[in-house]
Amino acid sequence: MEPSTLLSVRHLHTWYELRQRVFGRAGHVRAVDDVTFDLAEGEAIAVVGESGCGKSSLAKTILGLYRPTRGEIFFQGQPIHAANASLLRWYRRQVGFVQQDPYGALPPFMNVRRILEEPLIIHGMRKAQRAERIREVLEEVKLVPIEDFITKFPHMLSGGQQQRVVIARAIALRPKLIVADEPVSMLDASVRVEILELLRNLQSAHRLAVIYITHDLSAVRHFSERIFVMYGGRVVEKAPVANLLHNPLHPYTRALLRAIPDADAANAETEREVPPGEPPSLLNPPRGCRFHPRCPFVMPGLCDTLEPPEFEPEPLHLALCWLYKDTKP
Amino acid sequence: MNNGLLQVEGLRLHYRTTQGVVQAVDSVTFTLGPRQALAVLGESGCGKSSLARAILRLLPRNIEVYDGCVRVQGLDVMPLDEERFRRDVRWRQISIVMQAAMNALNPVLRIVDQVLEPLLVHQGVPRAAALDRVRDVFQMVGVPLDFLGRYAFELSGGMRQRVVLAMALVLQPPLVLLDEPTSALDVLTQANIMNVLKRIKHDTGTSFILITHDIATSSELADRVAVMYAGHLVEISDAGHFFHEPLHPYSQKLMASVPRLRQDTGLEYIPGRPPSLIALPQGCRFAPRCPQRFAKCEQAPPMIDTKDGRQVRCWLYE
């Protein structure tokens, strides 16, 4: 582990048990299946994938909302996967959560002051200090003049302003890590850019590490340094943003990139290539590589029987794919 | 242009609320020909969904103003009474795929019965013939035929969206309105649905009005683009010109806020917020946020025709 490592995730598994009434266990939904990575202080990563690929489960496990089924999470060297109540309490000061739907994430019966005060009270901050902290964070998320906003209720704010309140709440305890689950997907394009810029500024001002969960690959380069691509519960490719966008290695990543249009009138002339089939069931994932039933490069006898390990065909660019079996594992 | 499929002139739809009158659709004028796809772009609250509802006369009860002219294949449909409009225009001439319609499928009906319904009700087709037609449409939109007897909850989001599309196409209307048809779907599913729409447009010559906030995806289908801001159309252009170089300052700003996958351009956002549709500014509605504003913007600009056949509501092009 590097000295600057903030979060270290090792072989993380989050499985949900399905029960049947008579016979007990019916199986497991393998939402997160063997995920390993390190996150440095102040680093931003984006986890992209389609719905049901396990990205939100990964986020919630890292946040400590779900207990991992197997595997380890270390935060500044502390074992979060086996945390007792006091360690968990400490950990929850260190991580902030920015939810997808700002309106759903804000209690409708509390005004902005009360919403921001709540975490401060829970973590035992004194009254005078609380008022000061609330002013600070509202200024940081640019909800100024503060007096105009502090007594408002969530329904009186626009979507962008609501998301700013959610962000203010997430940073109120001065965390070192923010987990943002689709922070802008409910917002209009122009407001989206404002919020992403705000998060980027907060990140550098406070040396915050950020994990973005998103399905929007085209915006990723504007807010993160590395991209993880998830498919069927696994991270199938990890790379710095530019490498991934210019030289995607995993066939799934390639398919994903090909499916995303840029605004151009020529798009209307041609059809897009889309791999056949649907994402795998996480209850009964296919043997071997989880993408093999849809993959144009499938090698029978290999891809459909053995799970690929992580290969590193380029420095820092890792892919879970047998195509790269001759490179460094 | 009298041979247009759809002509809309001075269409207005204002709602009455306790706070005042909401001018959701205001003096909207455009035409659409056969085999054409028009994308209506705009941010939330600009009135684009209300425009679809105004065209198809799917109105709530709190209407303050609803007037203007809507001609479908030359016939002015505004004077038609509700029953005739329902029988002759809605679904026969113009159908709609509503926003999040895939979640509105009836959970206790098999999908085949839901898609059959318009054929039985509107056209009185015998059930056997109707079933053949449903099979054709399912093939067209890419729903496997063994899904006919399934229920909505047994299908994925993409498949449900195809079923909803099949419902809109089953009477072969010349025009289909699509209100955010892919915004709840994943990237690959979205690409699949857009492929289906392209194929339908090419093979059957159906016209589309695609209402969306997703500019990149709209370029997959659009021949023409209309941009809506605060209840007005502010620009109507062919897709080629528009995606290359939009005219209206709002369109330009909107395009600059869209991240591109294949180009590393800086992103911009539009300072300020769209005006409330209850208290609209005098003059140009975008002027308070416009970087190119000048004295004349205090008067409301008309739709101005440019030399290359585009229309823009901005004094810069006078």
# chains A, B, ... in the order shown; residues from 1 in each chain; ligands from 1
$ select_by_dssp --residues "range 183-304 of chain A" --states "helix (DSSP H, G or I)" --output "PyMOL selection string"
chain A and resi 189-206+217-220+241-246+251-259+265-269+292-294
$ write_last_selection --atoms "C-alpha atoms" --output "PDB file, in the first residue's frame"
ATOM      1  CA  ALA A 189     -27.286  19.864 -19.484  1.00  0.00           C
ATOM      2  CA  SER A 190     -26.297  23.376 -18.504  1.00  0.00           C
ATOM      3  CA  VAL A 191     -26.946  22.847 -14.788  1.00  0.00           C
ATOM      4  CA  ARG A 192     -25.041  19.578 -15.030  1.00  0.00           C
ATOM      5  CA  VAL A 193     -21.908  21.431 -16.072  1.00  0.00           C
ATOM      6  CA  GLU A 194     -22.298  23.866 -13.165  1.00  0.00           C
ATOM      7  CA  ILE A 195     -22.566  21.054 -10.624  1.00  0.00           C
ATOM      8  CA  LEU A 196     -19.659  19.097 -12.070  1.00  0.00           C
ATOM      9  CA  GLU A 197     -17.517  22.208 -11.994  1.00  0.00           C
ATOM     10  CA  LEU A 198     -18.499  22.799  -8.382  1.00  0.00           C
ATOM     11  CA  LEU A 199     -17.541  19.246  -7.410  1.00  0.00           C
ATOM     12  CA  ARG A 200     -14.242  19.592  -9.242  1.00  0.00           C
ATOM     13  CA  ASN A 201     -13.444  22.821  -7.381  1.00  0.00           C
ATOM     14  CA  LEU A 202     -14.356  21.344  -4.011  1.00  0.00           C
ATOM     15  CA  GLN A 203     -12.214  18.354  -4.801  1.00  0.00           C
ATOM     16  CA  SER A 204      -9.080  20.398  -5.363  1.00  0.00           C
ATOM     17  CA  ALA A 205      -9.796  22.898  -2.583  1.00  0.00           C
ATOM     18  CA  HIS A 206     -10.129  20.183   0.071  1.00  0.00           C
ATOM     19  CA  LEU A 217     -19.084   8.167 -20.335  1.00  0.00           C
ATOM     20  CA  SER A 218     -18.974  11.354 -22.362  1.00  0.00           C
ATOM     21  CA  ALA A 219     -18.808  13.582 -19.284  1.00  0.00           C
ATOM     22  CA  VAL A 220     -16.304  11.450 -17.370  1.00  0.00           C
ATOM     23  CA  VAL A 241      -9.360   8.481 -18.622  1.00  0.00           C
ATOM     24  CA  ALA A 242      -7.466   9.344 -21.803  1.00  0.00           C
ATOM     25  CA  ASN A 243      -6.187   5.769 -22.286  1.00  0.00           C
ATOM     26  CA  LEU A 244      -9.634   4.325 -21.866  1.00  0.00           C
ATOM     27  CA  LEU A 245     -11.336   6.725 -24.251  1.00  0.00           C
ATOM     28  CA  HIS A 246      -8.667   6.524 -26.955  1.00  0.00           C
ATOM     29  CA  PRO A 251     -14.664  -5.649 -25.942  1.00  0.00           C
ATOM     30  CA  TYR A 252     -17.468  -4.466 -23.655  1.00  0.00           C
ATOM     31  CA  THR A 253     -15.878  -1.054 -23.216  1.00  0.00           C
ATOM     32  CA  ARG A 254     -15.452  -0.814 -26.969  1.00  0.00           C
ATOM     33  CA  ALA A 255     -19.126  -1.629 -27.520  1.00  0.00           C
ATOM     34  CA  LEU A 256     -20.140   0.931 -24.928  1.00  0.00           C
ATOM     35  CA  LEU A 257     -18.058   3.682 -26.505  1.00  0.00           C
ATOM     36  CA  ARG A 258     -19.329   2.871 -29.983  1.00  0.00           C
ATOM     37  CA  ALA A 259     -22.931   3.172 -28.801  1.00  0.00           C
ATOM     38  CA  ALA A 265     -26.130  15.210 -38.277  1.00  0.00           C
ATOM     39  CA  ALA A 266     -24.274  12.296 -39.890  1.00  0.00           C
ATOM     40  CA  ASN A 267     -25.532  10.017 -37.091  1.00  0.00           C
ATOM     41  CA  ALA A 268     -28.949   9.869 -38.712  1.00  0.00           C
ATOM     42  CA  GLU A 269     -27.482   8.169 -41.789  1.00  0.00           C
ATOM     43  CA  HIS A 292     -18.557 -13.990 -23.591  1.00  0.00           C
ATOM     44  CA  PRO A 293     -22.149 -14.681 -24.784  1.00  0.00           C
ATOM     45  CA  ARG A 294     -22.208 -11.230 -26.411  1.00  0.00           C
TER      46      ARG A 294
END
$ interface_residues --of "chain B" --to "chain A" --cutoff "6 Å" --atoms "only C-alpha atoms" --output "list in words"
Glu43, Asp186, Leu188, Ala191, Asn195, Ala216, Ser219, Glu220, Leu221, Ala239, Gly240, Phe243, Ser257, Pro259, Arg260, Leu261, Tyr269 and Ile270 of chain B
$ write_last_selection --atoms "all heavy atoms" --output "short mmCIF file (atom, residue, chain, number, x, y, z; two decimals), in the first residue's frame"
data_model
loop_
_atom_site.label_atom_id
_atom_site.label_comp_id
_atom_site.auth_asym_id
_atom_site.auth_seq_id
_atom_site.Cartn_x
_atom_site.Cartn_y
_atom_site.Cartn_z
N GLU B 43 -34.67 22.48 -22.37
CA GLU B 43 -34.44 22.04 -21.00
C GLU B 43 -35.76 21.78 -20.31
O GLU B 43 -36.83 22.13 -20.83
CB GLU B 43 -33.65 23.10 -20.25
CG GLU B 43 -32.27 23.31 -20.82
CD GLU B 43 -31.54 24.45 -20.12
OE1 GLU B 43 -31.76 25.60 -20.50
OE2 GLU B 43 -30.78 24.17 -19.20
N ASP B 186 -30.51 2.46 -20.72
CA ASP B 186 -29.06 2.39 -20.75
C ASP B 186 -28.51 2.69 -22.13
O ASP B 186 -29.22 2.61 -23.12
CB ASP B 186 -28.62 0.99 -20.34
CG ASP B 186 -28.60 0.84 -18.84
OD1 ASP B 186 -28.11 1.75 -18.18
OD2 ASP B 186 -29.11 -0.17 -18.36
N LEU B 188 -26.55 1.12 -24.29
CA LEU B 188 -26.68 0.15 -25.38
C LEU B 188 -28.13 -0.03 -25.79
O LEU B 188 -28.44 -0.13 -26.97
CB LEU B 188 -26.08 -1.21 -24.95
CG LEU B 188 -24.58 -1.22 -24.69
CD1 LEU B 188 -24.12 -2.61 -24.27
CD2 LEU B 188 -23.80 -0.78 -25.91
N ALA B 191 -29.12 2.89 -27.88
CA ALA B 191 -28.63 2.78 -29.26
C ALA B 191 -29.50 1.81 -30.05
O ALA B 191 -29.81 2.05 -31.22
CB ALA B 191 -27.18 2.31 -29.25
N ASN B 195 -31.74 2.71 -33.35
CA ASN B 195 -31.60 1.93 -34.58
C ASN B 195 -32.97 1.52 -35.11
O ASN B 195 -33.24 1.60 -36.31
CB ASN B 195 -30.76 0.68 -34.34
CG ASN B 195 -29.27 0.99 -34.30
OD1 ASN B 195 -28.84 2.08 -34.70
ND2 ASN B 195 -28.48 0.06 -33.82
N ALA B 216 -27.21 14.96 -28.07
CA ALA B 216 -26.41 13.98 -28.81
C ALA B 216 -27.31 12.88 -29.38
O ALA B 216 -27.19 12.51 -30.55
CB ALA B 216 -25.35 13.38 -27.90
N SER B 219 -29.51 13.70 -32.45
CA SER B 219 -28.86 13.74 -33.76
C SER B 219 -28.91 12.39 -34.45
O SER B 219 -28.61 12.27 -35.63
CB SER B 219 -27.40 14.20 -33.61
OG SER B 219 -26.61 13.17 -33.06
N GLU B 220 -29.29 11.34 -33.72
CA GLU B 220 -29.39 10.02 -34.32
C GLU B 220 -30.57 9.93 -35.29
O GLU B 220 -30.61 9.07 -36.15
CB GLU B 220 -29.58 8.96 -33.23
CG GLU B 220 -28.41 8.83 -32.30
CD GLU B 220 -27.46 7.73 -32.72
OE1 GLU B 220 -27.30 7.52 -33.94
OE2 GLU B 220 -26.90 7.09 -31.83
N LEU B 221 -31.57 10.77 -35.08
CA LEU B 221 -32.79 10.61 -35.88
C LEU B 221 -33.16 11.87 -36.67
O LEU B 221 -33.79 11.79 -37.71
CB LEU B 221 -33.95 10.25 -34.93
CG LEU B 221 -35.24 9.77 -35.57
CD1 LEU B 221 -35.03 8.44 -36.27
CD2 LEU B 221 -36.33 9.62 -34.51
N ALA B 239 -30.82 19.71 -39.66
CA ALA B 239 -29.90 19.11 -38.69
C ALA B 239 -28.44 19.39 -39.05
O ALA B 239 -27.62 19.67 -38.19
CB ALA B 239 -30.15 17.61 -38.59
N GLY B 240 -28.14 19.33 -40.34
CA GLY B 240 -26.76 19.52 -40.77
C GLY B 240 -26.19 20.85 -40.30
O GLY B 240 -25.12 20.90 -39.69
N PHE B 243 -26.31 21.13 -35.97
CA PHE B 243 -25.31 20.48 -35.13
C PHE B 243 -23.92 21.01 -35.40
O PHE B 243 -23.01 20.89 -34.58
CB PHE B 243 -25.37 18.96 -35.30
CG PHE B 243 -26.63 18.38 -34.74
CD1 PHE B 243 -27.53 17.72 -35.55
CD2 PHE B 243 -26.92 18.52 -33.39
CE1 PHE B 243 -28.70 17.19 -35.03
CE2 PHE B 243 -28.08 18.00 -32.86
CZ PHE B 243 -28.98 17.34 -33.68
N SER B 257 -22.69 23.19 -23.68
CA SER B 257 -22.76 22.55 -22.37
C SER B 257 -22.82 21.03 -22.49
O SER B 257 -22.87 20.34 -21.49
CB SER B 257 -24.00 23.06 -21.62
OG SER B 257 -25.17 22.52 -22.18
N PRO B 259 -21.14 17.57 -23.14
CA PRO B 259 -19.81 16.97 -23.26
C PRO B 259 -19.75 16.06 -24.48
O PRO B 259 -20.73 15.41 -24.84
CB PRO B 259 -19.67 16.16 -21.98
CG PRO B 259 -21.04 15.93 -21.48
CD PRO B 259 -21.89 17.05 -22.00
N ARG B 260 -18.60 16.05 -25.13
CA ARG B 260 -18.42 15.18 -26.29
C ARG B 260 -17.44 14.09 -25.94
O ARG B 260 -16.42 14.33 -25.30
CB ARG B 260 -17.90 16.00 -27.47
CG ARG B 260 -18.97 16.88 -28.06
CD ARG B 260 -18.42 17.78 -29.14
NE ARG B 260 -19.53 18.29 -29.90
CZ ARG B 260 -19.93 17.76 -31.06
NH1 ARG B 260 -19.28 16.75 -31.59
NH2 ARG B 260 -20.97 18.26 -31.68
N LEU B 261 -17.75 12.90 -26.41
CA LEU B 261 -16.90 11.76 -26.10
C LEU B 261 -15.60 11.82 -26.88
O LEU B 261 -14.54 11.48 -26.39
CB LEU B 261 -17.67 10.48 -26.45
CG LEU B 261 -17.01 9.17 -26.07
CD1 LEU B 261 -16.86 9.07 -24.58
CD2 LEU B 261 -17.84 8.02 -26.59
N TYR B 269 -21.44 26.58 -19.06
CA TYR B 269 -22.83 26.55 -18.65
C TYR B 269 -23.44 27.92 -18.83
O TYR B 269 -22.74 28.91 -19.02
CB TYR B 269 -22.97 26.05 -17.21
CG TYR B 269 -22.25 26.84 -16.17
CD1 TYR B 269 -22.85 27.96 -15.58
CD2 TYR B 269 -20.99 26.49 -15.75
CE1 TYR B 269 -22.20 28.69 -14.62
CE2 TYR B 269 -20.32 27.21 -14.77
CZ TYR B 269 -20.93 28.32 -14.21
OH TYR B 269 -20.29 29.05 -13.26
N ILE B 270 -24.77 27.96 -18.81
CA ILE B 270 -25.46 29.22 -19.04
C ILE B 270 -25.73 29.83 -17.68
O ILE B 270 -26.46 29.23 -16.88
CB ILE B 270 -26.78 28.99 -19.79
CG1 ILE B 270 -26.54 28.04 -20.98
CG2 ILE B 270 -27.38 30.31 -20.24
CD1 ILE B 270 -27.81 27.63 -21.69
#
$ closest_residue --among "B:Ala101, B:Ala300, B:Leu247, B:Val72" --to "Tyr317 in chain B" --atoms "only C-alpha atoms"
B:Leu247
$ closest_residue --among "B:Thr31, B:Val196, B:Arg110, B:Leu105" --to "Val143 in chain B" --atoms "only C-alpha atoms"
B:Val196
$ residues_around --residues "His155 in chain A" --least-positions-apart "2" --cutoff "12 Å" --atoms "only C-alpha atoms" --output "MDAnalysis selection string"
chainID A and resid 102:112 149 151:153 157:163 165
$ residues_around --residues "Ala40 in chain A" --least-positions-apart "3" --cutoff "8 Å" --atoms "only C-alpha atoms" --output "PyMOL selection string"
chain A and resi 4-7+43+209
$ atom_distance --atom1 "CA of Gly288 in chain A" --atom2 "CA of Val229 in chain A"
17.9 Å
$ select_by_dssp --residues "range 219-303 of chain B" --states "strand (DSSP E)" --output "PyMOL selection string"
chain B and resi 224-229+232-238
$ write_last_selection --atoms "N, CA, C and O atoms" --output "compact mmCIF listing (two decimals), in the first residue's frame"
# COMPACT_ATOMS: atom_id res chain seq x y z
N ARG B 224 -34.47 17.67 -38.98
CA ARG B 224 -34.57 19.08 -38.63
C ARG B 224 -34.61 19.20 -37.12
O ARG B 224 -34.98 18.26 -36.42
N VAL B 225 -34.24 20.37 -36.64
CA VAL B 225 -34.17 20.60 -35.21
C VAL B 225 -34.92 21.89 -34.88
O VAL B 225 -34.78 22.88 -35.59
N ALA B 226 -35.74 21.84 -33.83
CA ALA B 226 -36.36 23.05 -33.32
C ALA B 226 -35.94 23.19 -31.86
O ALA B 226 -35.97 22.22 -31.11
N VAL B 227 -35.50 24.38 -31.48
CA VAL B 227 -35.07 24.60 -30.11
C VAL B 227 -36.14 25.40 -29.39
O VAL B 227 -36.63 26.41 -29.91
N MET B 228 -36.50 24.96 -28.21
CA MET B 228 -37.56 25.64 -27.47
C MET B 228 -36.97 26.27 -26.22
O MET B 228 -36.14 25.67 -25.54
N TYR B 229 -37.38 27.49 -25.96
CA TYR B 229 -36.93 28.17 -24.74
C TYR B 229 -38.07 28.99 -24.19
O TYR B 229 -38.66 29.81 -24.90
N HIS B 232 -41.34 29.40 -26.25
CA HIS B 232 -41.19 29.80 -27.65
C HIS B 232 -40.29 28.83 -28.40
O HIS B 232 -39.36 28.29 -27.81
N LEU B 233 -40.51 28.68 -29.70
CA LEU B 233 -39.45 28.10 -30.51
C LEU B 233 -38.50 29.24 -30.84
O LEU B 233 -38.92 30.30 -31.29
N VAL B 234 -37.21 29.05 -30.58
CA VAL B 234 -36.26 30.13 -30.85
C VAL B 234 -35.40 29.86 -32.08
O VAL B 234 -34.74 30.76 -32.58
N GLU B 235 -35.41 28.60 -32.55
CA GLU B 235 -34.65 28.32 -33.75
C GLU B 235 -35.21 27.07 -34.42
O GLU B 235 -35.54 26.10 -33.74
N ILE B 236 -35.36 27.13 -35.74
CA ILE B 236 -35.73 25.94 -36.51
C ILE B 236 -34.72 25.83 -37.63
O ILE B 236 -34.49 26.79 -38.37
N SER B 237 -34.12 24.67 -37.75
CA SER B 237 -33.00 24.56 -38.67
C SER B 237 -32.92 23.13 -39.18
O SER B 237 -33.45 22.21 -38.56
N ASP B 238 -32.23 22.94 -40.31
CA ASP B 238 -31.96 21.56 -40.72
C ASP B 238 -30.84 21.03 -39.82
O ASP B 238 -30.02 21.79 -39.31
$ atom_distance --atom1 "CA of Gly96 in chain A" --atom2 "CA of Leu116 in chain A"
12.6 Å
$ closest_residue --among "B:Ile278, B:Ile200, B:Cys46, B:Leu169" --to "Ala230 in chain B" --atoms "only C-alpha atoms"
B:Cys46
$ closest_residue --among "A:Glu237, A:Glu147, A:Asp326, A:Glu41" --to "Glu310 in chain A" --atoms "only C-alpha atoms"
A:Glu237
$ residues_around --residues "Met98 in chain B" --least-positions-apart "5" --cutoff "8 Å" --atoms "only C-alpha atoms" --output "MDAnalysis selection string"
chainID B and resid 178:181
